[in-house]
Amino acid sequence: MTKYIIKRVLLMFFTLFVITTICFMLIRILPREMPTDKVQAQAIAERFKALGYEEPLLTQYWIYLKNIFTKGDFGTSWYIAFRQPALSVLVDKLLPTVLVNLYSLLFSIPIGIALGIYAAIKKNKWQDSVISTMVILFVSIPSYVYAFLVQYFLYFKLGWLPLQVYSLADGGGSWLTWKMFHSMIAPVLALSFGEIAGLCRFTRAELTETLTSDYMLLARTKGLSKAQATTRHALKNAMVPILPMIISSFIGILGGSMIIEEIFSVPGVGQLYIKSINLLDYDVFMMDSVFYTFVGLLAGIVVDISYGFIDPRIRMGEK
Amino acid sequence: MAENMQNIQIPKEMFEFVNHGERIADKKFEDKPIGYFKDAWIRFRKNKASVVAAIVIIAIVLFAFLMPVFNTRYDSRFMDAYYAKKAPRHTALRQFGIADGGVDRTFSEKSLIKAIAIGMAAEDVDGTGDVTLEEGMASEYQPVLNIGEGIEKKRGKNVDITYPDGRIDAYLETGFLYLSIEQSEYQKIVDWENATGKKVLYPLIEDNKYNMDPADANNWYKAKKNQPVYTKGSGKDKEIHYEPGMVLEDNYKRNEDGTAKFFEMTGGGTLATAQYKVRVLYYNYYQYKNGFEPNYILGTDSQGYDLALRLAGGIKLSLLVAVFVSVINFLIGALYGAVEGFYGGTTDIIMQRIAEILSGIPFIVTATLFQIHLSNRIGPIPSLLFAFVLTGWIGTSSRVRTQFYRFKNQEYVMAARTLGAKDSRLIWKHIFPNSLGTIITSSALVIPSVIFQESMLSYLGIVKLGSAGTTSLGTLLSDASSIWTNYPHLMICPAVVISLLMISFNLFGNGLRDAFNPSLRGVEE
């Protein structure tokens with residue numbers, strides 16, 4: 001197991017390294033725009049020169065890697081937050097993204113799984129077909145349509161929720177206040193519809209498969225009631241693929257949903273990404289790209305490895 | 001199942017031998033054989049949800065392609081800035097109470113009078129100023145569609161004022177506009193008026209203390225602080241309120257003989273070349289200019305384009321991009337997966353590693369980089385296509401690869417190889433058809449995800465389509481995003497279309513998946 005994990009992690013870092021290299025090359029060759037203010041432009045140009053931005057590309061990459069490993073320096077933001085390290089700019093934006101997505105997950109996981117179990121138990125009855133139809137609808141409709149619906153009904157018609165997430169100053173100076181939570185309900189809801197439907201579909205599919213398997217028949221012949229057999233045998237086995245999916249969702253909350261952040265103006269990582277493109281703040285853009293890649297890869301291998309922990313027979317990616 | 005279990009009694013004499021004394025072993029089958037695809041088609045037809053989804057898809061495609069054909073009045077470049085963001089309106093459908101161009105509104109007294117006054121002024125073709133409220137309300141140019149009950153509010157000591165809810169025609173509400181036109185144009189309008197009997201030119205308004213906003217051509221009645229006043233008789237200003245029998249006193253510019261003034265010289269130049277300042281009823285001026293009434297079945301978008309046409313263009317673009325990506329992914333994925341799966345070994349390991357690295361790049365990063373680097377050179381849509389194609393085929397290729405691993409060592413393949421079949425024949429003729437079902441399904445399911453990604457990218461502004469001719473569903477949504485609470489139709493139309501597309505393509509894809517999966521045969525019944 002340890003050997004397997006080490007191998008997967010090393011491979012992940014190799015992939016990350018290659019992608020980082022490609023992104024770096026593609027981003028660094030873009031022309032940099034200077035501020036119109038001449039004094040400032042001069043200062044920035046000097047600074048760029050000092051940082052080695054005019055060296056050949058490979059030398060620049062060497063400097064970039066050296067800075068990351070020796071100083072943890074991923075570059076500097078020049079426009080979003082003048083002369084702040086790109087890493088700290090990103091870290092500042094993490095909390096809102098994580099909170100919104102965490103709330104959404106905590107809200108949707110129990111509901112999604114419960115609905116999935118219920119549908120699987122009532123398979124081919126009307127309850128199942130209602131849930132399955134809803135699931136198809138809710139899985140297909142894009143999240144931003146939910147966002148508009150939530151805004152329209154809960155803000156515009158009923159006035160229960162604010163239109164957008166409060167800024168830090170309006171929300172009482174902290175992301176964890178009650179007022180802040182209230183303003184986050186709207187994006188959380190918009191994210192949750194799809195999440196619930198997806199989980200419900202997955203749970204139902206897995207559970208119906210285990211419910212019809214032979215060991216369930218054995219359990220019933222041994223004299224277990226249907227409820228006992230379901231909770232003790234079917235549910236446990238159905239959880240084998242569901243748990244890794246949930247774990248990967250928890251890693252995915254770092255990345256968040258760009259479009260939901262844009263609609264509800266959550267000052268998170270996704271909004272930072274859009275801002276960095278619009279303002280041509282390349283170091284932040286690079287930072288954000290590497291971050292997204294890392295989160296994606298991490299979620300991937302954590303799923304594979306957690307399979308191994310939950311069910312030691314499974315080794316994902318092994319021959 | 002229950003019917004089959006019944007005990008069916010058939011009398012013995014009803015049985016007869018099928019082939020008594022006849023050899024049928026060498027005869028050809030009378031029925032046509034049911035192949036893989038025919039079988040899939042039969043089972044696809046049984047799945048009602050997918051059939052409905054397919055019909056919805058066809059309907060949307062027809063809408064996208066036929067809308068510009070049937071809509072001969074507007075083309076994608078027809079734009080009217082005064083009729084921007086307006087609600088759906090159609091002259092024929094109006095009579096049934098739908099697409100009446102109306103928006104619900106709570107009026108203040110001043111805004112209600114102002115709206116009603118537009119209808120009254122439209123009836124006053126000669127500028128005599130003696131139109132009654134009833135005539136104005138009956139006018140076909142009356143913007144106020146209905147006035148309902150309202151909220152009562154106390155005003156002053158004991159006067160109750162109601163603020164009625166109502167519905168107002170967003171097109172007629174534009175009312176009158178000042179225009180500066182050529183003299184020859186003026187003559188043309190007069191001719192048009194005589195020919196059609198519709199009035200375009202209306203009297204100009206006096207610039208005095210009773211004209212609350214000289215730039216607004218709808219202030220034709222005497223008012224102070226927006227409240228209409230009555231000055232006749234005593235000569236003193238007396239405020240009037242909205243009530244039955246309300247009379248508005250006109251404030252028209254008049255010639256010396258007392259008739260209303262319809263035009264005025266403006267700008268420099270000689271008498272012959274000077275421009276005329278005129279006041280037009282925009283609804284009729286629109287007809288004079290274009291030759292038809294404004295009929296926008298889905299309303300107009302934020303700039304004044306016909307929303308139905310924009311929507312059709314957006315659907316067309318989204319679908320074309322999606323289908324193109326799906327086809328290219330199919331081709332690349334099939335080729336890559338086939339080579340990977342067939343040859344295996346080192347080739348497979350290297351190719352897998354490449355695919356893994358490519359799939360590790362988040363799509364949003366790929367799309368952004370392609371846009372930044374290429375959109376200036378080859379345009380935003382081709383660079384979007386490249387971004388989709390760069391990583392999109394990986395899913396297809398891994399499916400093909402799995403199928404190749406399953407089938408390449410089977411006996412029939414070995415038999416074909418022994419008979420001397422080349423690699424390419426083995427790959428395409430013998431093994432590849434096994435994976436066709438799965439990859440057709442995955443190609444169908446690529447379409448909704450491409451539509452979603454595309455709309456998301458153009459919503460976020462990463463893909464900037466910009467020019468007036470091309471639009472996508474995401475652009476329509478992002479145009480509407482800041483103003484849609486006031487103009488819901490701008491958001492509802494694209495959102496409904498995109499949701500319908502996503503739902504039906506997903507259902508359609510699921511239907512295909514079930515139909516192409518032979519192990520499900522007989523399970524559904």
# chains A, B, ... in the order shown; residues from 1 in each chain; ligands from 1
call {"tool": "closest_atom_pairs", "arguments": {"of": "chain B", "to": "chain A", "cutoff": "6 Å", "atoms": "only C-alpha atoms", "output": "CSV"}}
result
residue,atom,partner,partner_atom,distance
B:Ile357,CA,A:Thr15,CA,5.4
B:Ile361,CA,A:Thr293,CA,5.7
B:Pro362,CA,A:Thr293,CA,5.7
B:Ser499,CA,A:Ile141,CA,5.0
B:Met502,CA,A:Ser140,CA,5.4
B:Ile503,CA,A:Ser140,CA,5.0
call {"tool": "select_by_dssp", "arguments": {"residues": "region 49-296 of chain A", "states": "strand (DSSP E or B)", "output": "JSON, numbers by chain"}}
result
{"A": [76, 77, 84, 85]}
call {"tool": "write_last_selection", "arguments": {"atoms": "C-alpha atoms", "output": "PDB file, in the first residue's frame"}}
result
ATOM      1  CA  THR A  76       4.198  38.789  -7.417  1.00  0.00           C
ATOM      2  CA  SER A  77       0.865  40.409  -8.080  1.00  0.00           C
ATOM      3  CA  GLN A  84       1.860  41.327  -2.769  1.00  0.00           C
ATOM      4  CA  PRO A  85       3.168  37.783  -3.154  1.00  0.00           C
TER       5      PRO A  85
END
call {"tool": "closest_residue", "arguments": {"among": "B:Val278, B:Val446, B:Ile147, B:Leu419", "to": "Phe505 (chain B)", "atoms": "only C-alpha atoms"}}
result
B:Val446
call {"tool": "select_by_dssp", "arguments": {"residues": "region 110-196 of chain B", "states": "helix (DSSP H, G or I)", "output": "ChimeraX atom specification"}}
result
/B:110-123,133-138,172-174,183-196
call {"tool": "residues_around", "arguments": {"residues": "Thr2 (chain A)", "least_positions_apart": "6", "cutoff": "12 Å", "atoms": "only C-alpha atoms", "output": "short mmCIF file (atom, residue, chain, number, x, y, z; two decimals) with N, CA and C atoms, in the first residue's frame"}}
result
data_model
loop_
_atom_site.label_atom_id
_atom_site.label_comp_id
_atom_site.auth_asym_id
_atom_site.auth_seq_id
_atom_site.Cartn_x
_atom_site.Cartn_y
_atom_site.Cartn_z
N ARG A 8 1.94 6.73 -6.68
CA ARG A 8 0.90 7.62 -7.20
C ARG A 8 1.25 9.08 -6.95
N VAL A 9 1.77 9.36 -5.74
CA VAL A 9 2.08 10.75 -5.40
C VAL A 9 3.21 11.26 -6.30
N ILE A 305 -6.61 6.41 -3.97
CA ILE A 305 -6.01 5.84 -2.77
C ILE A 305 -7.08 5.47 -1.74
N GLY A 308 -8.47 2.18 -2.08
CA GLY A 308 -7.62 1.15 -1.52
C GLY A 308 -7.82 0.99 -0.02
N PHE A 309 -8.03 2.11 0.68
CA PHE A 309 -8.24 2.03 2.12
C PHE A 309 -9.60 1.43 2.45
N ARG A 315 -7.10 -1.64 -6.37
CA ARG A 315 -5.93 -0.77 -6.60
C ARG A 315 -6.17 -0.05 -7.90
#
call {"tool": "residues_around", "arguments": {"residues": "Asn218 (chain B)", "least_positions_apart": "3", "cutoff": "8 Å", "atoms": "only C-alpha atoms", "output": "PyMOL selection string"}}
result
chain B and resi 114+117-118+175-177
call {"tool": "residues_around", "arguments": {"residues": "region 58-70 of chain B", "least_positions_apart": "2", "cutoff": "9 Å", "atoms": "only C-alpha atoms", "output": "VMD selection string"}}
result
chain B and resid 53 to 56 72 to 76 308 to 309 311 to 316 319 497 500 to 501
call {"tool": "write_last_selection", "arguments": {"atoms": "C-alpha atoms", "output": "short mmCIF file (atom, residue, chain, number, x, y, z; two decimals), in the first residue's frame"}}
result
data_model
loop_
_atom_site.label_atom_id
_atom_site.label_comp_id
_atom_site.auth_asym_id
_atom_site.auth_seq_id
_atom_site.Cartn_x
_atom_site.Cartn_y
_atom_site.Cartn_z
CA ALA B 53 -35.96 14.30 -25.79
CA ALA B 54 -35.09 13.64 -29.42
CA ILE B 55 -38.24 15.46 -30.51
CA VAL B 56 -37.40 18.43 -28.29
CA THR B 72 -38.10 37.96 -43.17
CA ARG B 73 -38.67 41.28 -41.48
CA TYR B 74 -35.68 41.23 -39.23
CA ASP B 75 -32.23 39.99 -39.96
CA SER B 76 -29.55 39.46 -37.36
CA ALA B 308 -35.81 35.37 -31.05
CA LEU B 309 -33.23 35.83 -33.78
CA LEU B 311 -31.55 33.16 -29.56
CA ALA B 312 -31.67 31.23 -32.82
CA GLY B 313 -28.16 32.43 -33.61
CA GLY B 314 -26.96 31.45 -30.16
CA ILE B 315 -28.46 27.97 -30.38
CA LYS B 316 -26.97 27.52 -33.82
CA LEU B 319 -24.94 23.37 -31.37
CA VAL B 497 -33.52 27.09 -23.97
CA LEU B 500 -34.10 22.29 -22.32
CA LEU B 501 -31.06 21.52 -24.46
#
call {"tool": "residues_around", "arguments": {"residues": "region 344-346 of chain B", "least_positions_apart": "2", "cutoff": "12 Å", "atoms": "only C-alpha atoms", "output": "count of residues only"}}
result
20
call {"tool": "residues_around", "arguments": {"residues": "Ala81 (chain A)", "least_positions_apart": "3", "cutoff": "12 Å", "atoms": "only C-alpha atoms", "output": "PyMOL selection string"}}
result
chain A and resi 76-78+84-90+92+272+275-276+279+281+283-284
call {"tool": "write_last_selection", "arguments": {"atoms": "C-alpha atoms", "output": "short mmCIF file (atom, residue, chain, number, x, y, z; two decimals), in the first residue's frame"}}
result
data_model
loop_
_atom_site.label_atom_id
_atom_site.label_comp_id
_atom_site.auth_asym_id
_atom_site.auth_seq_id
_atom_site.Cartn_x
_atom_site.Cartn_y
_atom_site.Cartn_z
CA THR A 76 4.20 38.79 -7.42
CA SER A 77 0.87 40.41 -8.08
CA TRP A 78 1.29 43.68 -9.95
CA GLN A 84 1.86 41.33 -2.77
CA PRO A 85 3.17 37.78 -3.15
CA ALA A 86 0.88 35.84 -5.52
CA LEU A 87 0.64 33.01 -3.01
CA SER A 88 -0.69 35.22 -0.24
CA VAL A 89 -3.17 36.85 -2.65
CA LEU A 90 -4.50 33.40 -3.41
CA ASP A 92 -6.57 35.31 1.17
CA LEU A 272 -9.55 36.00 -8.53
CA LYS A 275 -9.85 39.22 -12.32
CA SER A 276 -6.31 38.13 -13.04
CA LEU A 279 -6.25 42.79 -15.44
CA ASP A 281 -1.94 39.99 -13.74
CA ASP A 283 1.80 35.91 -11.93
CA VAL A 284 -1.53 35.58 -10.13
#
call {"tool": "closest_residue", "arguments": {"among": "B:Asp257, B:Asp80, B:Lys85, B:Tyr178", "to": "Ala215 (chain B)", "atoms": "only C-alpha atoms"}}
result
B:Tyr178
call {"tool": "atom_distance", "arguments": {"atom1": "CA of Phe263 (chain B)", "atom2": "CA of Trp220 (chain B)"}}
result
14.9 Å
call {"tool": "closest_residue", "arguments": {"among": "B:Asn510, B:Gln9, B:Asn517, B:Gln275", "to": "Asn47 (chain B)", "atoms": "only C-alpha atoms"}}
result
B:Asn510
call {"tool": "closest_residue", "arguments": {"among": "B:Ile381, B:Val400, B:Leu465, B:Met212", "to": "Trp428 (chain B)", "atoms": "only C-alpha atoms"}}
result
B:Val400
call {"tool": "atom_distance", "arguments": {"atom1": "CA of Gly75 (chain A)", "atom2": "CA of Val39 (chain A)"}}
result
22.1 Å
call {"tool": "atom_distance", "arguments": {"atom1": "CA of Tyr230 (chain B)", "atom2": "CA of Phe107 (chain B)"}}
result
21.9 Å
call {"tool": "decode", "arguments": {"residues": "region 420-461 of chain B", "atoms": "C-alpha atoms", "output": "compact mmCIF listing (two decimals), in the first residue's frame"}}
result
# COMPACT_ATOMS: atom_id res chain seq x y z
CA GLY B 420 -3.71 -13.16 -42.84
CA ALA B 421 -5.64 -10.03 -41.92
CA LYS B 422 -3.47 -6.97 -41.55
CA ASP B 423 -3.35 -4.89 -38.36
CA SER B 424 -5.46 -2.12 -39.84
CA ARG B 425 -8.12 -4.61 -40.90
CA LEU B 426 -8.10 -6.26 -37.49
CA ILE B 427 -8.42 -2.90 -35.79
CA TRP B 428 -11.17 -1.33 -37.86
CA LYS B 429 -13.08 -4.31 -39.15
CA HIS B 430 -12.94 -6.75 -36.28
CA ILE B 431 -12.36 -4.99 -32.99
CA PHE B 432 -13.42 -1.40 -33.41
CA PRO B 433 -17.13 -2.05 -34.14
CA ASN B 434 -17.38 -3.50 -30.63
CA SER B 435 -16.66 -0.13 -29.13
CA LEU B 436 -18.88 1.83 -31.51
CA GLY B 437 -21.92 1.76 -29.22
CA THR B 438 -20.06 3.13 -26.22
CA ILE B 439 -18.34 5.89 -28.11
CA ILE B 440 -21.47 6.99 -29.94
CA THR B 441 -23.08 7.33 -26.53
CA SER B 442 -20.16 9.24 -25.10
CA SER B 443 -20.11 11.50 -28.16
CA ALA B 444 -23.78 12.28 -27.65
CA LEU B 445 -23.12 13.08 -24.00
CA VAL B 446 -20.24 15.37 -24.97
CA ILE B 447 -22.75 17.73 -26.61
CA PRO B 448 -24.52 18.96 -23.46
CA SER B 449 -21.26 19.36 -21.61
CA VAL B 450 -19.79 21.42 -24.46
CA ILE B 451 -22.90 23.59 -24.54
CA PHE B 452 -22.59 24.13 -20.82
CA GLN B 453 -18.86 24.89 -20.90
CA GLU B 454 -19.26 27.23 -23.83
CA SER B 455 -22.07 29.17 -22.18
CA MET B 456 -20.08 29.33 -18.97
CA LEU B 457 -16.96 30.64 -20.68
CA SER B 458 -18.83 33.32 -22.58
CA TYR B 459 -20.80 34.21 -19.46
CA LEU B 460 -17.57 34.69 -17.53
CA GLY B 461 -16.21 36.82 -20.36
